[in-house]
2 protein chains.
Amino acid sequence: MHLSRYFLPVLRDTPKEAEIVSHQLMLRAGMIKQSAAGIYSWLPLGLKVLKKIEAIVREEQNRAGAVEVLMPTVQSADLWRESGRYEAYGKEMLRITDRHERDMLYGPTAEEVITAIFRDSVKSYRDLPKNLYNIQWKFRDEIRPRFGVMRGREFLMKDAYSFDLTAEDARRSYQRMFVAYLRTFARMGLKAVPMAADTGPIGGDLSHEFIILADTGESQVFCHRDLIEGAIPPADTDFLGDLSPIVDAWTSLYAATDEMHDAKRFDTEVPAESQVTARGIEIGHIFFFGTKYAEPMGARVQGPDGQMVTLQMGSYGIGVSRLVGAIIEASHDDAGIVWPLPVAPFEVGLLNLRTGDAATDAACADLYGKLRNAGIDVLYDDTDERAGAKFSTMDIIGIPYQLIVGPKGLKTGELEVKVRADGTRETVSLEAGLARVIDLVQSGRVLC
Amino acid sequence: MHLSRYFLPVLRDTPKEAEIVSHQLMLRAGMIKQSAAGIYSWLPLGLKVLKKIEAIVREEQNRAGAVEVLMPTVQSADLWRESGRYEAYGKEMLRITDRHERDMLYGPTAEEVITAIFRDSVKSYRDLPKNLYNIQWKFRDEIRPRFGVMRGREFLMKDAYSFDLTAEDARRSYQRMFVAYLRTFARMGLKAVPMAADTGPIGGDLSHEFIILADTGESQVFCHRDLIEGAIPPADTDFLGDLSPIVDAWTSLYAATDEMHDAKRFDTEVPAESQVTARGIEIGHIFFFGTKYAEPMGARVQGPDGQMVTLQMGSYGIGVSRLVGAIIEASHDDAGIVWPLPVAPFEVGLLNLRTGDAATDAACADLYGKLRNAGIDVLYDDTDERAGAKFSTMDIIGIPYQLIVGPKGLKTGELEVKVRADGTRETVSLEAGLARVIDLVQSGRVLC
């Protein structure tokens with residue numbers, strides 16, 4: 001992409017309304033623009049990151065055997081009356097009346113919609129297990145939206161719903177999502193820890209929040225230090241096999257959110273030097289809630305013995321838009337964002353330090369073509385800004401690798417390679433610089 | 001994808017509530033499920049088609065130089081008050097009041113939101129031209145939603161917005177979208193004709209609807225017969241160059257919707273044998289409306305002479321979810337849907353006529369692996385349904401090519417290749433059948 005044809009409204013100053021660093025940097029990097037309280041437009045750079053995160057989430061859901069659907073944003077209140085949640089859900093639910101005076105709502109979650117679909121379509125235990133997920137915009141009418149996309153009102157969520165014949169089968173579905181989540185977050189460069197969690201308005205018996213540690217986290221969490229560097233299941237994990245050993249390894253060490261914390265157990269089970277007490281950001285939440293929705297909504301299938309059996313269900317959320325902010329909270333420095341390669345909006349930034357100079361333009365055009373041919377996602381700064389502004393922009397927007405090309409270096413056939421994460425700059429030949437970044441990108445694309 | 005692990009609730013009977021064939025077939029093929037009046041969930045098969053259509057739209061928008069953003073579904077009423085449309089827009093606008101009693105709405109279109117973004121971010125003519133598009137869910141509270149996704153309330157739309165310094169530049173932006181639309185629809189196997197159209201609530205001076213002819217079309221249209229087979233601009237069209245010759249060739253022949261029809265001109269300009277009067281389905285609509293939004297909303301940039309200039313704008317819509325229905329209206333037979341390959345949910349269907357028979361299972365597993373390795377998107381029917389049901393399902397869901405494998409044929413190393421479009425079936429060796437469908441798919445992927 002040529003920057004001159006792109007739309008990247010970078011801000012030089014930190015906007016006053018932003019309280020936390022991810023919100024500040026997303027505004028400064030021209031990733032988002034507020035449209036109303038807690039409601040944002042995603043500008044091109046922000047949307048690219050959002051799509052890369054979404055793609056990783058999708059790949060890992062598919063790998064775990066979940067099947068993608070797409071449910072509408074506007075739902076009928078009648079469905080929520082069936083489950084009993086319409087009255088119970090508080091003011092966070094955005095209630096809508098349509099032109100025929102029917103009660104509708106903007107879905108904050110979709111247990112009711114998916115249960116109705118399943119109830120009408122699946123009649124036999126032979127069609128189980130099934131896990132259906134969607135990646136769709138949700139709305140929660142927060143009383144005080146803040147922190148940019150971290151606690152917005154309109155947000156993108158991946159929500160999956162599992163259907164099983166027995167509680168034992170449902171536990172296996174739960175384990176598949178547990179393992180998928182470990183892989184999903186690790187692939188984004190995050191160290192997420194699953195923690196025993198409260199079930200809140202979704203309900204149920206068993207629940208884990210996936211939490212990353214960050215000073216700006218919204219809640220206090222407690223865990224064993226070893227979990228922060230826990231082993232990530234490999235890509236060829238057999239999701240049709242027994243995943244208990246993986247899940248047991250992760251859940252055998254203490255980890256709990258504030259609501260579920262047991263100070264006595266923490267002190268007894270975790271040696272003092274391994275006790276971690278920190279702030280955490282929730283990026284995923286999984287639930288097993290048995291027949292909580294299937295029972296009132298009459299979602300049953302015929303079992304092997306011909307008897308009707310009420311379905312055992314779970315639901316599994318990932319805050320896709322929230323992850324954009326969470327990754328920035330976990331990965332930034334004074335100069336701006338430091339994207340982990342797999343979610344970076346562009347993999348390489350190419351800086352032309354003297355646009356209009358024939359030799360520099362030609363060298364950059366050649367490098368741009370070669371990077372593109374190698375399948376690299378490049379942002380080419382071909383604008384007529386001065387060099388200092390170009391350096392600053394590339395650092396704010398956090399592109400992992402930079403090729404810096406100017407007339408001086410070109411006289412000896414050289415350019416600079418800059419690595420955003422550690423700030424190192426090295427002067428090498430054009431060929432060596434090109435080969436170097438291609439190699440860095442290709443080896444860094446998949447973290448696990 | 002193994003059908004046994006998929007979610008494909010096919011209906012054997014035609015649902016009574018569906019009036020037109022695309023709606024009937026989408027329900028029968030398990031593509032959608034109604035959630036409320038005019039509001040649908042997209043089941044896996046429907047979502048796959050929707051995503052393929054979306055990908056083609058995106059590719060052609062990018063090719064034409066438009067840049068993708070994503071605007072929220074919920075918008076502030078205040079923005080619409082700035083343009084003067086909040087009161088003017090009728091009951092089709094879904095108005096919402098949030099918990100703080102603020103007036104919001106579910107966006108039926110996004111001229112106001114994008115104009116506000118542009119106004120706050122772009123200050124100089126040197127940043128023009130720009131075209132920003134998004135593919136996002138919209139809502140229009142139709143008084144009588146009908147025809148499935150063809151006239152639903154919640155629908156997926158691609159909407160692009162161009163910003164230029166002068167009306168002459170804006171005309172070039174309009175032409176880029178005009179040409180992009182010709183390519184977009186042709187790539188989906190559709191014969192779309194651009195027709196002079198009324199501008200309706202969007203407003204403006206110049207407008208074309210892109211229409212496909214179908215008996216179930218919602219409006220009467222009139223055009224010169226030659227336009228139905230008009231030349232499609234090639235993939236390497238230079239969108240930075242002069243597109244007037246292409247646009248002039250398409251607009252020099254008569255084509256108009258009912259509202260713009262001039263019977264006298266039609267008779268004068270079009271020879272009787274070339275006059276086409278037919279029903280049409282609108283799948284795209286483009287507008288040039290000058291300063292209609294930029295003026296009241298104060299969207300200006302500094303011109304070359306330092307003076308402030310009000311932006312010239314256009315907007316460009318494609319009904320992405322509507323296209324799913326429109327393609328079916330244009331391409332089906334008595335047995336079901338006949339997908340053009342580029343938008344087919346799967347490219348090849350593999351039918352195992354005796355699941356559980358070791359030789360048939362092994363042959364199918366081998367073929368499935370080889371098709372996948374060749375990059376083919378395959379649906380493998382590995383269920384224990386009887387053969388007749390499997391044939392019927394593959395025909396209803398419209399997979400372009402089928403490989404039919406049973407124990408009888410395998411005795412002589414043979415299978416059947418079926419072409420869905422013409423119904424031909426041919427018995428050939430396993431190797432020949434495999435090579436044949438791989439060749440058919442690869443050559444059919446890009447239509448233009």
# chains A, B, ... in the order shown; residues from 1 in each chain; ligands from 1
$ select_by_dssp --residues "segment 67-247 of chain B" --states "helix (DSSP H, G or I)" --output "ChimeraX atom specification"
/B:77-83,85-88,111-121,125-127,148-150,167-187,200-202,225-229,244-247
$ interface_residues --of "chain A" --to "chain B" --cutoff "6 Å" --atoms "only C-alpha atoms" --output "number ranges by chain"
A: 9, 41-44, 68-72, 96, 121
$ select_by_dssp --residues "segment 382-428 of chain A" --states "strand (DSSP E or B)" --output "NGL selection string"
:A and (401-405 or 414-419 or 425-428)
$ atom_distance --atom1 "atom CA of His2 of chain B" --atom2 "atom CA of Tyr181 of chain A"
23.4 Å
$ residues_around --residues "Ala180 of chain A" --least-positions-apart "6" --cutoff "12 Å" --atoms "only C-alpha atoms" --output "CSV table (one decimal) with all heavy atoms, in the first residue's frame"
chain,number,residue,atom,x,y,z
A,56,ILE,N,-7.3,-15.0,13.0
A,56,ILE,CA,-6.6,-16.0,13.9
A,56,ILE,C,-7.7,-16.7,14.7
A,56,ILE,O,-7.7,-17.9,14.9
A,56,ILE,CB,-5.6,-15.3,14.8
A,56,ILE,CG1,-4.4,-14.9,13.9
A,56,ILE,CG2,-5.1,-16.3,15.9
A,56,ILE,CD1,-3.4,-14.0,14.7
A,57,VAL,N,-8.6,-15.9,15.3
A,57,VAL,CA,-9.7,-16.5,16.0
A,57,VAL,C,-10.5,-17.5,15.2
A,57,VAL,O,-10.8,-18.7,15.6
A,57,VAL,CB,-10.7,-15.4,16.5
A,57,VAL,CG1,-12.0,-16.0,17.1
A,57,VAL,CG2,-10.0,-14.5,17.5
A,58,ARG,N,-10.8,-17.2,14.0
A,58,ARG,CA,-11.5,-18.1,13.1
A,58,ARG,C,-10.8,-19.4,12.8
A,58,ARG,O,-11.3,-20.4,12.9
A,58,ARG,CB,-11.9,-17.3,11.8
A,58,ARG,CG,-12.6,-18.1,10.7
A,58,ARG,CD,-13.0,-17.3,9.5
A,58,ARG,NE,-14.1,-16.4,9.8
A,58,ARG,CZ,-14.0,-15.0,9.8
A,58,ARG,NH1,-12.9,-14.5,9.4
A,58,ARG,NH2,-15.1,-14.3,10.1
A,59,GLU,N,-9.5,-19.2,12.5
A,59,GLU,CA,-8.7,-20.4,12.2
A,59,GLU,C,-8.7,-21.4,13.3
A,59,GLU,O,-8.8,-22.6,13.2
A,59,GLU,CB,-7.3,-20.0,11.9
A,59,GLU,CG,-7.0,-19.7,10.4
A,59,GLU,CD,-5.5,-19.3,10.2
A,59,GLU,OE1,-4.6,-20.0,10.8
A,59,GLU,OE2,-5.3,-18.3,9.5
A,60,GLU,N,-8.5,-20.9,14.6
A,60,GLU,CA,-8.5,-21.7,15.7
A,60,GLU,C,-9.8,-22.3,16.1
A,60,GLU,O,-9.9,-23.4,16.6
A,60,GLU,CB,-7.8,-21.0,16.9
A,60,GLU,CG,-6.3,-20.7,16.6
A,60,GLU,CD,-5.4,-21.9,16.3
A,60,GLU,OE1,-5.7,-23.0,16.8
A,60,GLU,OE2,-4.4,-21.7,15.5
A,61,GLN,N,-10.9,-21.6,15.9
A,61,GLN,CA,-12.2,-22.1,16.1
A,61,GLN,C,-12.5,-23.3,15.1
A,61,GLN,O,-12.9,-24.4,15.5
A,61,GLN,CB,-13.3,-21.1,15.9
A,61,GLN,CG,-13.3,-20.0,17.0
A,61,GLN,CD,-13.8,-20.6,18.3
A,61,GLN,OE1,-14.9,-21.0,18.5
A,61,GLN,NE2,-12.9,-20.6,19.3
A,62,ASN,N,-12.1,-23.1,13.8
A,62,ASN,CA,-12.3,-24.1,12.8
A,62,ASN,C,-11.4,-25.3,13.1
A,62,ASN,O,-11.9,-26.5,13.0
A,62,ASN,CB,-11.9,-23.6,11.4
A,62,ASN,CG,-12.9,-22.5,10.9
A,62,ASN,OD1,-14.0,-22.4,11.5
A,62,ASN,ND2,-12.5,-21.8,9.9
A,63,ARG,N,-10.2,-25.1,13.6
A,63,ARG,CA,-9.3,-26.2,13.9
A,63,ARG,C,-9.9,-27.1,15.0
A,63,ARG,O,-9.8,-28.3,15.0
A,63,ARG,CB,-7.9,-25.6,14.4
A,63,ARG,CG,-6.9,-26.7,14.5
A,63,ARG,CD,-5.6,-26.1,15.3
A,63,ARG,NE,-5.1,-24.9,14.8
A,63,ARG,CZ,-4.2,-24.8,13.7
A,63,ARG,NH1,-3.8,-25.9,13.2
A,63,ARG,NH2,-3.8,-23.6,13.3
A,64,ALA,N,-10.6,-26.4,16.0
A,64,ALA,CA,-11.2,-27.1,17.1
A,64,ALA,C,-12.5,-27.8,16.7
A,64,ALA,O,-13.2,-28.4,17.5
A,64,ALA,CB,-11.4,-26.2,18.3
A,65,GLY,N,-13.0,-27.6,15.4
A,65,GLY,CA,-14.2,-28.3,15.0
A,65,GLY,C,-15.4,-27.5,15.1
A,65,GLY,O,-16.5,-28.0,14.8
A,66,ALA,N,-15.3,-26.2,15.5
A,66,ALA,CA,-16.5,-25.4,15.5
A,66,ALA,C,-16.9,-24.9,14.1
A,66,ALA,O,-16.0,-24.8,13.2
A,66,ALA,CB,-16.3,-24.2,16.4
A,160,ALA,N,-19.2,-18.7,20.7
A,160,ALA,CA,-19.5,-20.0,20.3
A,160,ALA,C,-20.4,-20.7,21.2
A,160,ALA,O,-20.5,-20.4,22.4
A,160,ALA,CB,-18.1,-20.8,20.2
A,173,SER,N,-16.5,-30.8,25.0
A,173,SER,CA,-16.6,-29.6,24.2
A,173,SER,C,-16.0,-28.4,24.8
A,173,SER,O,-15.3,-27.5,24.2
A,173,SER,CB,-18.1,-29.3,24.0
A,173,SER,OG,-18.7,-30.3,23.1
A,174,TYR,N,-16.2,-28.3,26.2
A,174,TYR,CA,-15.6,-27.2,26.9
A,174,TYR,C,-14.0,-27.2,26.8
A,174,TYR,O,-13.3,-26.2,26.6
A,174,TYR,CB,-16.0,-27.3,28.4
A,174,TYR,CG,-15.6,-26.2,29.3
A,174,TYR,CD1,-16.5,-25.1,29.5
A,174,TYR,CD2,-14.4,-26.2,30.1
A,174,TYR,CE1,-16.1,-24.1,30.4
A,174,TYR,CE2,-14.1,-25.2,30.9
A,174,TYR,CZ,-14.9,-24.2,31.1
A,174,TYR,OH,-14.6,-23.1,32.0
A,186,ALA,N,-2.0,-17.2,22.2
A,186,ALA,CA,-0.5,-17.3,22.1
A,186,ALA,C,-0.1,-16.9,20.6
A,186,ALA,O,0.9,-16.2,20.4
A,186,ALA,CB,-0.1,-18.7,22.3
A,187,ARG,N,-1.0,-17.2,19.7
A,187,ARG,CA,-0.6,-16.8,18.3
A,187,ARG,C,-0.6,-15.3,18.1
A,187,ARG,O,-0.1,-14.8,17.1
A,187,ARG,CB,-1.6,-17.4,17.3
A,187,ARG,CG,-1.4,-18.9,17.0
A,187,ARG,CD,-2.2,-19.4,16.0
A,187,ARG,NE,-2.1,-18.7,14.7
A,187,ARG,CZ,-2.9,-18.9,13.6
A,187,ARG,NH1,-3.9,-19.7,13.7
A,187,ARG,NH2,-2.7,-18.2,12.5
A,194,PRO,N,-5.8,-18.9,31.9
A,194,PRO,CA,-7.2,-19.2,32.3
A,194,PRO,C,-7.3,-19.2,33.8
A,194,PRO,O,-6.5,-19.8,34.5
A,194,PRO,CB,-7.3,-20.6,31.7
A,194,PRO,CG,-6.0,-21.2,31.4
A,194,PRO,CD,-5.0,-20.0,31.4
A,210,PHE,N,-10.1,-16.0,30.5
A,210,PHE,CA,-8.7,-15.9,30.0
A,210,PHE,C,-8.2,-14.5,30.2
A,210,PHE,O,-8.8,-13.5,29.7
A,210,PHE,CB,-8.6,-16.4,28.5
A,210,PHE,CG,-8.8,-17.8,28.4
A,210,PHE,CD1,-10.0,-18.4,28.6
A,210,PHE,CD2,-7.7,-18.7,28.1
A,210,PHE,CE1,-10.1,-19.8,28.5
A,210,PHE,CE2,-7.8,-20.0,28.0
A,210,PHE,CZ,-9.0,-20.6,28.2
A,232,ILE,N,2.0,-24.1,25.4
A,232,ILE,CA,0.9,-23.9,24.4
A,232,ILE,C,0.8,-25.2,23.6
A,232,ILE,O,1.7,-25.7,23.0
A,232,ILE,CB,1.2,-22.7,23.5
A,232,ILE,CG1,1.3,-21.5,24.4
A,232,ILE,CG2,0.1,-22.6,22.5
A,232,ILE,CD1,0.2,-21.1,25.3
A,233,PRO,N,-0.5,-25.8,23.5
A,233,PRO,CA,-0.7,-27.0,22.7
A,233,PRO,C,-0.3,-26.7,21.2
A,233,PRO,O,-0.6,-25.6,20.7
A,233,PRO,CB,-2.2,-27.3,22.8
A,233,PRO,CG,-2.6,-26.5,24.0
A,233,PRO,CD,-1.7,-25.3,24.2
A,234,PRO,N,0.4,-27.7,20.6
A,234,PRO,CA,0.8,-27.4,19.2
A,234,PRO,C,-0.3,-27.4,18.2
A,234,PRO,O,-1.5,-27.8,18.5
A,234,PRO,CB,1.7,-28.6,18.9
A,234,PRO,CG,1.3,-29.7,19.8
A,234,PRO,CD,0.7,-29.0,21.1
A,235,ALA,N,0.0,-27.0,17.0
A,235,ALA,CA,-1.1,-26.8,15.9
A,235,ALA,C,-1.7,-28.2,15.5
A,235,ALA,O,-2.8,-28.3,15.1
A,235,ALA,CB,-0.5,-26.2,14.7
A,236,ASP,N,-0.9,-29.3,15.7
A,236,ASP,CA,-1.4,-30.6,15.3
A,236,ASP,C,-2.1,-31.3,16.5
A,236,ASP,O,-2.3,-32.5,16.4
A,236,ASP,CB,-0.3,-31.4,14.7
A,236,ASP,CG,0.8,-31.7,15.6
A,236,ASP,OD1,0.7,-31.2,16.8
A,236,ASP,OD2,1.7,-32.5,15.3
A,237,THR,N,-2.5,-30.6,17.5
A,237,THR,CA,-3.2,-31.2,18.6
A,237,THR,C,-4.5,-31.9,18.0
A,237,THR,O,-5.2,-31.3,17.2
A,237,THR,CB,-3.7,-30.1,19.6
A,237,THR,OG1,-2.5,-29.5,20.1
A,237,THR,CG2,-4.5,-30.6,20.7
A,238,ASP,N,-4.7,-33.1,18.5
A,238,ASP,CA,-5.9,-33.8,18.0
A,238,ASP,C,-7.1,-33.5,18.8
A,238,ASP,O,-7.3,-33.9,19.9
A,238,ASP,CB,-5.6,-35.4,18.2
A,238,ASP,CG,-6.9,-36.2,17.7
A,238,ASP,OD1,-7.8,-35.6,17.1
A,238,ASP,OD2,-6.9,-37.4,18.0
A,239,PHE,N,-8.0,-32.6,18.2
A,239,PHE,CA,-9.2,-32.1,18.9
A,239,PHE,C,-10.3,-33.2,19.0
A,239,PHE,O,-11.3,-33.0,19.7
A,239,PHE,CB,-9.7,-30.9,18.3
A,239,PHE,CG,-8.9,-29.6,18.6
A,239,PHE,CD1,-7.8,-29.2,17.9
A,239,PHE,CD2,-9.3,-28.9,19.8
A,239,PHE,CE1,-7.1,-28.1,18.3
A,239,PHE,CE2,-8.6,-27.8,20.2
A,239,PHE,CZ,-7.5,-27.4,19.4
A,243,LEU,N,-8.4,-34.3,25.6
A,243,LEU,CA,-7.7,-33.1,25.9
A,243,LEU,C,-7.5,-32.9,27.4
A,243,LEU,O,-6.9,-31.9,27.8
A,243,LEU,CB,-8.4,-31.9,25.2
A,243,LEU,CG,-8.5,-31.9,23.7
A,243,LEU,CD1,-9.4,-30.8,23.2
A,243,LEU,CD2,-7.2,-31.9,23.0
A,246,ILE,N,-4.0,-31.8,28.8
A,246,ILE,CA,-3.7,-30.4,28.6
A,246,ILE,C,-4.4,-29.5,29.6
A,246,ILE,O,-3.8,-28.6,30.2
A,246,ILE,CB,-4.0,-30.0,27.2
A,246,ILE,CG1,-3.2,-30.8,26.2
A,246,ILE,CG2,-3.7,-28.5,27.0
A,246,ILE,CD1,-3.6,-30.6,24.7
A,247,VAL,N,-5.7,-29.7,29.7
A,247,VAL,CA,-6.5,-28.8,30.5
A,247,VAL,C,-6.2,-29.0,32.0
A,247,VAL,O,-6.0,-28.1,32.8
A,247,VAL,CB,-8.0,-29.1,30.3
A,247,VAL,CG1,-8.9,-28.3,31.3
A,247,VAL,CG2,-8.4,-28.8,28.9
A,284,GLY,N,-11.1,-13.4,27.1
A,284,GLY,CA,-12.0,-14.5,26.7
A,284,GLY,C,-12.7,-15.0,28.0
A,284,GLY,O,-12.2,-14.8,29.1
A,286,ILE,N,-15.2,-18.5,29.1
A,286,ILE,CA,-15.9,-19.7,28.7
A,286,ILE,C,-16.8,-20.2,29.8
A,286,ILE,O,-16.5,-20.1,31.0
A,286,ILE,CB,-15.0,-20.8,28.1
A,286,ILE,CG1,-14.0,-21.3,29.2
A,286,ILE,CG2,-14.2,-20.3,26.9
A,286,ILE,CD1,-13.1,-22.4,28.8
A,316,TYR,N,-18.9,-19.6,24.7
A,316,TYR,CA,-17.5,-19.4,24.7
A,316,TYR,C,-17.2,-18.0,24.0
A,316,TYR,O,-17.4,-17.9,22.8
A,316,TYR,CB,-16.7,-20.5,24.0
A,316,TYR,CG,-17.2,-21.9,24.4
A,316,TYR,CD1,-18.3,-22.5,23.8
A,316,TYR,CD2,-16.6,-22.5,25.5
A,316,TYR,CE1,-18.7,-23.8,24.2
A,316,TYR,CE2,-17.1,-23.7,26.0
A,316,TYR,CZ,-18.1,-24.4,25.3
A,316,TYR,OH,-18.6,-25.6,25.7
A,317,GLY,N,-16.8,-17.0,24.7
A,317,GLY,CA,-16.6,-15.7,24.1
A,317,GLY,C,-15.2,-15.2,24.0
A,317,GLY,O,-14.4,-15.5,24.9
A,318,ILE,N,-14.9,-14.5,22.9
A,318,ILE,CA,-13.6,-13.8,22.8
A,318,ILE,C,-14.0,-12.4,22.4
A,318,ILE,O,-14.7,-12.1,21.5
A,318,ILE,CB,-12.7,-14.4,21.8
A,318,ILE,CG1,-12.2,-15.8,22.2
A,318,ILE,CG2,-11.5,-13.5,21.4
A,318,ILE,CD1,-11.3,-16.5,21.2
$ atom_distance --atom1 "atom CA of Val21 of chain B" --atom2 "atom CA of Arg144 of chain B"
18.3 Å
$ residues_around --residues "Arg445 of chain A" --least-positions-apart "3" --cutoff "8 Å" --atoms "only C-alpha atoms" --output "JSON, numbers by chain"
{"A": [341, 342, 441, 442]}
$ residues_around --residues "His23 of chain A" --least-positions-apart "3" --cutoff "12 Å" --atoms "only C-alpha atoms" --output "count of residues only"
37
$ atom_distance --atom1 "atom CA of Gln220 of chain B" --atom2 "atom CA of Ile281 of chain B"
9.1 Å
$ closest_residue --among "B:Arg171, B:Gly409, B:Tyr401, B:Met308" --to "Asp422 of chain B" --atoms "only C-alpha atoms"
B:Tyr401
$ residues_around --residues "segment 212-215 of chain B" --least-positions-apart "4" --cutoff "7 Å" --atoms "only C-alpha atoms" --output "ChimeraX atom specification"
/B:191-193,278-282,329-330
$ residues_around --residues "Val343 of chain B" --least-positions-apart "6" --cutoff "7 Å" --atoms "only C-alpha atoms" --output "PyMOL selection string"
chain B and resi 49+52-53+188
$ closest_residue --among "A:Tyr380, A:Trp339, A:Phe288, A:Phe346" --to "Gln175 of chain A" --atoms "only C-alpha atoms"
A:Phe288
$ closest_residue --among "B:Glu295, B:Asp357, B:Asp226, B:Asp305" --to "Glu82 of chain B" --atoms "only C-alpha atoms"
B:Glu295
